[in-house]
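J.: Dropping in structure_20.cif, with mmCIF, C-alpha atoms.
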data_target
loop_
_atom_site.group_PDB
_atom_site.id
_atom_site.type_symbol
_atom_site.label_atom_id
_atom_site.label_comp_id
_atom_site.auth_asym_id
_atom_site.auth_seq_id
_atom_site.Cartn_x
_atom_site.Cartn_y
_atom_site.Cartn_z
ATOM 1 C CA PHE G 1 -0.994 -31.926 -22.543
ATOM 2 C CA VAL G 2 1.604 -29.565 -21.139
ATOM 3 C CA LEU G 3 0.629 -26.772 -18.808
ATOM 4 C CA TYR G 4 2.423 -23.671 -19.957
ATOM 5 C CA GLN G 5 4.209 -21.557 -17.345
ATOM 6 C CA ALA G 6 5.792 -18.297 -18.484
ATOM 7 C CA SER G 7 8.614 -18.628 -15.936
ATOM 8 C CA ARG G 8 9.915 -21.927 -17.401
ATOM 9 C CA VAL G 9 11.895 -22.676 -20.535
ATOM 10 C CA TYR G 10 10.340 -25.308 -22.816
ATOM 11 C CA PRO G 11 11.711 -27.128 -25.860
ATOM 12 C CA ALA G 12 10.465 -25.666 -29.129
ATOM 13 C CA TYR G 13 8.208 -28.609 -29.965
ATOM 14 C CA ILE G 14 6.282 -28.226 -26.693
ATOM 15 C CA VAL G 15 5.772 -24.507 -27.281
ATOM 16 C CA HIS G 16 4.603 -25.178 -30.835
ATOM 17 C CA TYR G 17 2.409 -28.034 -29.633
ATOM 18 C CA ARG G 18 0.903 -25.838 -26.926
ATOM 19 C CA ARG G 19 0.090 -23.074 -29.389
ATOM 20 C CA ILE G 20 -1.729 -25.390 -31.731
ATOM 21 C CA SER G 21 -3.624 -28.396 -30.495
ATOM 22 C CA GLU G 22 -2.974 -31.914 -31.710
ATOM 23 C CA ALA G 23 -5.749 -31.553 -34.265
ATOM 24 C CA GLY G 24 -4.320 -28.225 -35.397
ATOM 25 C CA LEU G 25 -0.856 -29.730 -35.718
ATOM 26 C CA CYS G 26 -2.199 -32.627 -37.782
ATOM 27 C CA MET G 27 -4.185 -30.216 -39.946
ATOM 28 C CA SER G 28 -1.133 -27.998 -40.481
ATOM 29 C CA MET G 29 0.931 -31.041 -41.376
ATOM 30 C CA ARG G 30 -1.743 -32.320 -43.767
ATOM 31 C CA GLN G 31 -1.957 -28.889 -45.449
ATOM 32 C CA ALA G 32 1.812 -28.798 -45.837
ATOM 33 C CA LEU G 33 1.639 -32.232 -47.439
ATOM 34 C CA ASP G 34 -1.312 -31.372 -49.692
ATOM 35 C CA TYR G 35 0.275 -28.170 -50.944
ATOM 36 C CA GLU G 36 3.799 -29.645 -50.982
ATOM 37 C CA ASP G 37 5.034 -26.779 -48.839
ATOM 38 C CA GLN G 38 8.710 -27.649 -48.347
ATOM 39 C CA GLU G 39 9.362 -24.781 -45.949
ATOM 40 C CA ALA G 40 6.530 -25.818 -43.651
ATOM 41 C CA SER G 41 7.568 -29.453 -43.839
ATOM 42 C CA LEU G 42 11.101 -28.625 -42.695
ATOM 43 C CA LEU G 43 9.578 -27.120 -39.559
ATOM 44 C CA LEU G 44 6.626 -29.434 -38.941
ATOM 45 C CA VAL G 45 7.954 -32.885 -39.849
ATOM 46 C CA PRO G 46 10.646 -33.021 -37.119
ATOM 47 C CA LEU G 47 8.120 -31.756 -34.561
ATOM 48 C CA VAL G 48 5.561 -34.366 -35.583
ATOM 49 C CA ALA G 49 8.268 -37.062 -35.555
ATOM 50 C CA ARG G 50 9.256 -36.086 -32.045
ATOM 51 C CA LEU G 51 5.661 -36.127 -30.818
ATOM 52 C CA ALA G 52 5.019 -39.446 -32.584
ATOM 53 C CA TYR G 53 7.970 -40.892 -30.693
ATOM 54 C CA GLU G 54 7.521 -39.304 -27.261
ATOM 55 C CA HIS G 55 3.844 -38.540 -26.682
ATOM 56 C CA SER G 56 2.361 -40.286 -23.660
ATOM 57 C CA ASP G 57 -0.872 -41.233 -25.457
ATOM 58 C CA PRO G 58 -0.403 -44.301 -27.717
ATOM 59 C CA ASP G 59 -3.374 -43.292 -29.894
ATOM 60 C CA ILE G 60 -1.779 -39.943 -30.670
ATOM 61 C CA ARG G 61 1.588 -41.617 -31.352
ATOM 62 C CA TYR G 62 -0.157 -44.015 -33.739
ATOM 63 C CA ARG G 63 -2.056 -41.276 -35.592
ATOM 64 C CA LEU G 64 1.025 -39.101 -35.962
ATOM 65 C CA THR G 65 3.064 -42.059 -37.217
ATOM 66 C CA LEU G 66 0.353 -42.825 -39.779
ATOM 67 C CA LEU G 67 0.438 -39.213 -40.896
ATOM 68 C CA LEU G 68 4.215 -39.371 -41.390
ATOM 69 C CA THR G 69 4.256 -42.700 -43.186
ATOM 70 C CA SER G 70 1.335 -41.892 -45.467
ATOM 71 C CA GLN G 71 3.372 -39.354 -47.441
ATOM 72 C CA ASP G 72 6.845 -40.848 -47.305
ATOM 73 C CA SER G 73 8.070 -39.148 -50.487
ATOM 74 C CA PHE G 74 7.313 -35.727 -49.030
ATOM 75 C CA VAL G 75 8.359 -36.445 -45.434
ATOM 76 C CA ALA G 76 11.700 -38.134 -46.173
ATOM 77 C CA PRO G 77 13.606 -35.015 -47.348
ATOM 78 C CA ALA G 78 12.515 -33.087 -44.245
ATOM 79 C CA LEU G 79 13.591 -35.969 -42.014
ATOM 80 C CA ALA G 80 16.914 -36.186 -43.841
ATOM 81 C CA ALA G 81 17.467 -32.475 -43.253
ATOM 82 C CA ALA G 82 16.626 -32.886 -39.554
ATOM 83 C CA LEU G 83 19.438 -35.441 -39.190
ATOM 84 C CA SER G 84 21.880 -32.523 -39.232
ATOM 85 C CA ASP G 85 20.204 -30.872 -36.229
ATOM 86 C CA PRO G 86 22.684 -30.091 -33.428
ATOM 87 C CA ARG G 87 20.541 -31.913 -30.836
ATOM 88 C CA PRO G 88 21.464 -35.618 -30.568
ATOM 89 C CA ARG G 89 18.077 -36.542 -29.127
ATOM 90 C CA LEU G 90 16.246 -35.147 -32.167
ATOM 91 C CA ARG G 91 18.691 -36.870 -34.558
ATOM 92 C CA ARG G 92 17.998 -40.180 -32.784
ATOM 93 C CA ILE G 93 14.225 -39.683 -32.953
ATOM 94 C CA VAL G 94 14.386 -38.729 -36.638
ATOM 95 C CA ALA G 95 16.450 -41.845 -37.410
ATOM 96 C CA HIS G 96 13.848 -43.993 -35.624
ATOM 97 C CA THR G 97 11.121 -42.288 -37.644
ATOM 98 C CA LEU G 98 13.003 -42.957 -40.879
ATOM 99 C CA ALA G 99 13.183 -46.638 -39.925
ATOM 100 C CA LYS G 100 9.399 -46.714 -39.443
ATOM 101 C CA VAL G 101 8.747 -44.924 -42.720
ATOM 102 C CA ALA G 102 11.151 -47.275 -44.540
ATOM 103 C CA SER G 103 9.419 -50.309 -43.040
ATOM 104 C CA GLU G 104 6.036 -49.052 -44.208
ATOM 105 C CA ALA G 105 7.356 -48.459 -47.730
ATOM 106 C CA ARG G 106 8.017 -52.187 -48.058
ATOM 107 C CA LEU G 107 4.450 -53.229 -47.297
ATOM 108 C CA VAL G 108 2.428 -55.096 -49.857
ATOM 109 C CA GLN G 109 -1.146 -53.999 -50.408
ATOM 110 C CA LYS G 110 -3.792 -56.383 -51.719
ATOM 111 C CA PHE G 111 -6.821 -54.894 -53.458
ATOM 112 C CA ASP G 112 -10.377 -56.285 -53.532
ATOM 113 C CA ASP G 113 -9.958 -57.592 -57.089
ATOM 114 C CA GLY G 114 -7.060 -59.783 -55.972
ATOM 115 C CA THR G 115 -4.252 -57.711 -57.470
ATOM 116 C CA ILE G 116 -1.226 -57.000 -55.390
ATOM 117 C CA HIS G 117 0.575 -53.688 -55.333
ATOM 118 C CA ARG G 118 3.942 -53.075 -53.734
ATOM 119 C CA ARG G 119 4.529 -49.449 -52.821
ATOM 120 C CA ASN G 120 7.590 -47.902 -54.440
ATOM 121 C CA SER G 121 8.311 -51.169 -56.246
ATOM 122 C CA SER G 122 9.518 -49.437 -59.407
ATOM 123 C CA GLY G 123 12.450 -47.765 -57.708
ATOM 124 C CA PRO G 124 14.103 -47.122 -54.385
ATOM 125 C CA PRO G 125 11.902 -46.231 -51.433
ATOM 126 C CA ALA G 126 11.409 -42.517 -50.867
ATOM 127 C CA VAL G 127 13.447 -42.656 -47.664
ATOM 128 C CA ALA G 128 16.527 -43.616 -49.678
ATOM 129 C CA VAL G 129 17.168 -39.875 -50.034
ATOM 130 C CA ALA G 130 18.164 -39.961 -46.353
ATOM 131 C CA VAL G 131 20.933 -42.548 -46.816
ATOM 132 C CA PRO G 132 23.778 -39.977 -47.089
ATOM 133 C CA ALA G 133 22.597 -38.217 -43.917
ATOM 134 C CA LEU G 134 22.261 -41.565 -42.118
ATOM 135 C CA ILE G 135 25.793 -42.479 -43.176
ATOM 136 C CA LYS G 136 27.020 -39.253 -41.560
ATOM 137 C CA CYS G 137 25.081 -40.181 -38.411
ATOM 138 C CA LEU G 138 26.946 -43.499 -38.230
ATOM 139 C CA ALA G 139 29.997 -41.436 -37.235
ATOM 140 C CA ASP G 140 28.078 -39.311 -34.689
ATOM 141 C CA ALA G 141 29.624 -38.651 -31.286
ATOM 142 C CA ASP G 142 26.452 -39.936 -29.581
ATOM 143 C CA ALA G 143 26.180 -43.739 -29.500
ATOM 144 C CA THR G 144 22.378 -43.687 -29.471
ATOM 145 C CA VAL G 145 22.384 -41.720 -32.728
ATOM 146 C CA ARG G 146 24.851 -44.189 -34.308
ATOM 147 C CA ARG G 147 22.661 -47.109 -33.236
ATOM 148 C CA ALA G 148 19.457 -45.461 -34.508
ATOM 149 C CA ALA G 149 21.115 -44.639 -37.852
ATOM 150 C CA ALA G 150 22.201 -48.251 -38.319
ATOM 151 C CA LEU G 151 18.720 -49.499 -37.479
ATOM 152 C CA ALA G 152 17.211 -46.980 -39.914
ATOM 153 C CA LEU G 153 19.385 -48.345 -42.733
ATOM 154 C CA GLU G 154 18.273 -51.923 -42.085
ATOM 155 C CA PRO G 155 14.765 -51.768 -43.664
ATOM 156 C CA MET G 156 16.153 -50.011 -46.751
ATOM 157 C CA ALA G 157 17.849 -53.259 -47.797
ATOM 158 C CA HIS G 158 19.929 -53.000 -50.996
ATOM 159 C CA HIS G 159 18.864 -49.370 -51.531
ATOM 160 C CA ALA G 160 21.308 -48.438 -48.769
ATOM 161 C CA ALA G 161 24.220 -50.420 -50.215
ATOM 162 C CA ARG G 162 26.489 -47.366 -50.223
ATOM 163 C CA ALA G 163 26.337 -47.467 -46.404
ATOM 164 C CA VAL G 164 28.204 -50.794 -46.237
ATOM 165 C CA PRO G 165 31.678 -49.269 -45.589
ATOM 166 C CA ALA G 166 30.359 -47.051 -42.777
ATOM 167 C CA LEU G 167 28.363 -49.932 -41.262
ATOM 168 C CA THR G 168 31.431 -52.172 -41.471
ATOM 169 C CA HIS G 169 33.366 -49.532 -39.552
ATOM 170 C CA CYS G 170 30.605 -49.536 -36.910
ATOM 171 C CA LEU G 171 31.320 -53.224 -36.263
ATOM 172 C CA LYS G 172 34.405 -51.964 -34.382
ATOM 173 C CA ASP G 173 32.414 -49.465 -32.290
ATOM 174 C CA GLU G 174 33.047 -49.368 -28.555
ATOM 175 C CA GLN G 175 29.306 -49.721 -27.816
ATOM 176 C CA ALA G 176 27.849 -53.218 -28.138
ATOM 177 C CA ASP G 177 24.412 -51.857 -29.147
ATOM 178 C CA VAL G 178 25.949 -50.001 -32.092
ATOM 179 C CA ARG G 179 27.866 -53.100 -33.193
ATOM 180 C CA ARG G 180 24.704 -55.223 -32.944
ATOM 181 C CA ALA G 181 22.639 -52.705 -34.959
ATOM 182 C CA ALA G 182 25.366 -52.468 -37.619
ATOM 183 C CA ALA G 183 25.516 -56.265 -37.900
ATOM 184 C CA LEU G 184 21.730 -56.453 -38.308
ATOM 185 C CA ALA G 185 21.782 -53.761 -40.986
ATOM 186 C CA LEU G 186 24.640 -55.440 -42.856
ATOM 187 C CA GLY G 187 22.686 -58.703 -42.789
ATOM 188 C CA LYS G 188 19.717 -57.016 -44.442
ATOM 189 C CA LEU G 189 21.902 -55.189 -46.958
ATOM 190 C CA GLY G 190 23.395 -58.485 -48.099
ATOM 191 C CA ALA G 191 26.938 -57.476 -47.246
ATOM 192 C CA PRO G 192 29.631 -60.181 -47.398
#
Could you render the structure as structure tokens?

T.:
Amino acid sequence: FVLYQASRVYPAYIVHYRRISEAGLCMSMRQALDYEDQEASLLLVPLVARLAYEHSDPDIRYRLTLLLTSQDSFVAPALAAALSDPRPRLRRIVAHTLAKVASEARLVQKFDDGTIHRRNSSGPPAVAVAVPALIKCLADADATVRRAAALALEPMAHHAARAVPALTHCLKDEQADVRRAAALALGKLGAP
């Protein structure tokens, strides 16, 4: 936990996290999800994503990630909106979170009676709403954001097919990590 000092400047997520404990943050997030409060989700989802990525306690990171992935159809639009944030670090974290949520959407669940259910099997995964914002991030000035956006498109498979031209352009990027991530994503998308 962060010790708050009035004489220092803290990022917004730390101030919000300090004001409400981890349990309070999770409860606020769960209430926003239960009541489908879009306004609250636009504020809380990026904060929870950042804590899920950066918190020093792995148990807290795990619980916050579970909270985000459990309601992918509600969380994805808020994450997509956060990709336009002016802070490159937050855009990178949000892209990583989208990759995790997309990976979870592909999981197969087996029930006790032997039936198998694939989440979102009838249509595109909920995170596919973020594809246009991720495509914009592929042209970001920050290389870490470009790399994270390419890696976030990878688990979306053919649902992110409209990203092929932008990913192909990333194969000429000056950063080797961006080129590698774009190649991996294109391999999953089935690009020629």

J.: Give me, as a count of residues only, all polymer residues having an atom no more than 12 Å from G:Cys137, counting only C-alpha atoms and skipping those fewer than 4 positions away in the same chain.

T.: 35

J.: Just how far from atom CA of G:Lys136 is atom CA of G:Thr97, in Å to one decimal?

T.: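 It comes out at 16.7 Å.
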
J.: G:Met156: which residues within 8 Å, counting all atoms listed in the file, same-chain residues fewer than 4 positions away excluded, as a compact mmCIF listing (two decimals) with C-alpha atoms, keeping the file's coordinate frame?

T.:
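Here's the written file result.txt:
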# COMPACT_ATOMS: atom_id res chain seq x y z
CA ALA G 102 11.15 -47.28 -44.54
CA SER G 103 9.42 -50.31 -43.04
CA PRO G 125 11.90 -46.23 -51.43
CA VAL G 127 13.45 -42.66 -47.66
CA ALA G 128 16.53 -43.62 -49.68
CA ALA G 152 17.21 -46.98 -39.91
CA ALA G 160 21.31 -48.44 -48.77
CA LEU G 189 21.90 -55.19 -46.96

J.: Can you tell me how far atom CA of G:Leu25 sits from atom CA of G:Asp72, in Å to one decimal?

T.: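 For atom CA of G:Leu25 relative to atom CA of G:Asp72, the distance reads 17.8 Å.
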
J.: Show me as a VMD selection string the residues that reach within 12 Å of (7.4, -35.9, -32.4), counting all atoms listed in the file and using the file's own coordinates.

T.: chain G and resid 11 to 14 16 to 17 22 25 to 26 43 to 56 60 to 65 67 to 68 79 89 to 97

J.: As an exercise, work out the distance from atom CA of G:Thr69 to atom CA of G:Met29 in Å and give it to one decimal place.

T.: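 Here the two named atoms are 12.3 Å from each other.
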
J.: Between G:Asp37, G:Ala185, G:Leu138, G:Ala78, single out the one closest to G:Glu154, counting only C-alpha atoms.

T.: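 Smallest distance to G:Glu154 is found for G:Ala185.
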
J.: When you count all atoms listed in the file, which of these residues is closest to G:Val164: G:Asp59, G:Ser28, G:Leu134, G:Val101?

T.: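 So, comparing all the options, the nearest one is G:Leu134.
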
J.: Hey, what comes out of the PyMOL selection byres ((chain G and resi 33) around 10) on this file? Could you write it as a PyMOL selection string?

T.: chain G and resi 27-32+34-38+40-41+45+67-68+70-71+73-75

J.: Rebuild stretch 67-101 of chain G so that it carries N, CA and C atoms, then output the result as a short mmCIF file (atom, residue, chain, number, x, y, z; two decimals), in the frame of the given file.

T.:
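The result, written out as out.cif:
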data_model
loop_
_atom_site.label_atom_id
_atom_site.label_comp_id
_atom_site.auth_asym_id
_atom_site.auth_seq_id
_atom_site.Cartn_x
_atom_site.Cartn_y
_atom_site.Cartn_z
N LEU G 67 0.35 -40.44 -40.12
CA LEU G 67 0.44 -39.21 -40.90
C LEU G 67 1.81 -39.11 -41.56
N LEU G 68 2.86 -39.45 -40.83
CA LEU G 68 4.22 -39.37 -41.39
C LEU G 68 4.45 -40.42 -42.48
N THR G 69 3.98 -41.62 -42.23
CA THR G 69 4.26 -42.70 -43.19
C THR G 69 3.36 -42.64 -44.42
N SER G 70 2.25 -41.93 -44.33
CA SER G 70 1.34 -41.89 -45.47
C SER G 70 1.90 -41.11 -46.65
N GLN G 71 2.79 -40.19 -46.39
CA GLN G 71 3.37 -39.35 -47.44
C GLN G 71 4.89 -39.44 -47.39
N ASP G 72 5.42 -40.65 -47.48
CA ASP G 72 6.84 -40.85 -47.30
C ASP G 72 7.71 -40.06 -48.29
N SER G 73 7.25 -39.86 -49.51
CA SER G 73 8.07 -39.15 -50.49
C SER G 73 8.20 -37.66 -50.14
N PHE G 74 7.25 -37.12 -49.42
CA PHE G 74 7.31 -35.73 -49.03
C PHE G 74 8.01 -35.56 -47.68
N VAL G 75 7.83 -36.52 -46.79
CA VAL G 75 8.36 -36.44 -45.43
C VAL G 75 9.86 -36.76 -45.39
N ALA G 76 10.31 -37.67 -46.23
CA ALA G 76 11.70 -38.13 -46.17
C ALA G 76 12.73 -37.01 -46.32
N PRO G 77 12.60 -36.09 -47.27
CA PRO G 77 13.61 -35.02 -47.35
C PRO G 77 13.66 -34.15 -46.09
N ALA G 78 12.52 -33.89 -45.48
CA ALA G 78 12.52 -33.09 -44.24
C ALA G 78 13.17 -33.85 -43.10
N LEU G 79 12.94 -35.16 -43.04
CA LEU G 79 13.59 -35.97 -42.01
C LEU G 79 15.09 -36.04 -42.26
N ALA G 80 15.49 -36.16 -43.52
CA ALA G 80 16.91 -36.19 -43.84
C ALA G 80 17.58 -34.88 -43.43
N ALA G 81 16.91 -33.76 -43.65
CA ALA G 81 17.47 -32.48 -43.25
C ALA G 81 17.58 -32.36 -41.73
N ALA G 82 16.62 -32.95 -41.02
CA ALA G 82 16.63 -32.89 -39.55
C ALA G 82 17.75 -33.73 -38.94
N LEU G 83 18.33 -34.64 -39.71
CA LEU G 83 19.44 -35.44 -39.19
C LEU G 83 20.69 -34.61 -38.95
N SER G 84 20.73 -33.40 -39.47
CA SER G 84 21.88 -32.52 -39.23
C SER G 84 21.63 -31.55 -38.08
N ASP G 85 20.52 -31.72 -37.38
CA ASP G 85 20.20 -30.87 -36.23
C ASP G 85 21.29 -31.04 -35.16
N PRO G 86 21.63 -29.97 -34.44
CA PRO G 86 22.68 -30.09 -33.43
C PRO G 86 22.28 -30.91 -32.19
N ARG G 87 20.99 -31.18 -32.03
CA ARG G 87 20.54 -31.91 -30.84
C ARG G 87 20.55 -33.42 -31.10
N PRO G 88 21.38 -34.16 -30.35
CA PRO G 88 21.46 -35.62 -30.57
C PRO G 88 20.14 -36.34 -30.35
N ARG G 89 19.36 -35.88 -29.40
CA ARG G 89 18.08 -36.54 -29.13
C ARG G 89 17.15 -36.45 -30.34
N LEU G 90 17.10 -35.29 -30.99
CA LEU G 90 16.25 -35.15 -32.17
C LEU G 90 16.79 -35.98 -33.32
N ARG G 91 18.11 -36.04 -33.49
CA ARG G 91 18.69 -36.87 -34.56
C ARG G 91 18.32 -38.34 -34.34
N ARG G 92 18.36 -38.79 -33.10
CA ARG G 92 18.00 -40.18 -32.78
C ARG G 92 16.52 -40.44 -33.10
N ILE G 93 15.67 -39.53 -32.71
CA ILE G 93 14.22 -39.68 -32.95
C ILE G 93 13.94 -39.69 -34.45
N VAL G 94 14.59 -38.80 -35.19
CA VAL G 94 14.39 -38.73 -36.64
C VAL G 94 14.86 -40.02 -37.30
N ALA G 95 15.98 -40.57 -36.84
CA ALA G 95 16.45 -41.84 -37.41
C ALA G 95 15.45 -42.96 -37.14
N HIS G 96 14.89 -42.99 -35.93
CA HIS G 96 13.85 -43.99 -35.62
C HIS G 96 12.63 -43.81 -36.54
N THR G 97 12.26 -42.57 -36.77
CA THR G 97 11.12 -42.29 -37.64
C THR G 97 11.41 -42.74 -39.06
N LEU G 98 12.63 -42.50 -39.54
CA LEU G 98 13.00 -42.96 -40.88
C LEU G 98 12.91 -44.48 -40.99
N ALA G 99 13.29 -45.17 -39.92
CA ALA G 99 13.18 -46.64 -39.92
C ALA G 99 11.73 -47.07 -40.06
N LYS G 100 10.82 -46.38 -39.34
CA LYS G 100 9.40 -46.71 -39.44
C LYS G 100 8.86 -46.44 -40.84
N VAL G 101 9.22 -45.29 -41.38
CA VAL G 101 8.75 -44.92 -42.72
C VAL G 101 9.29 -45.91 -43.75
#
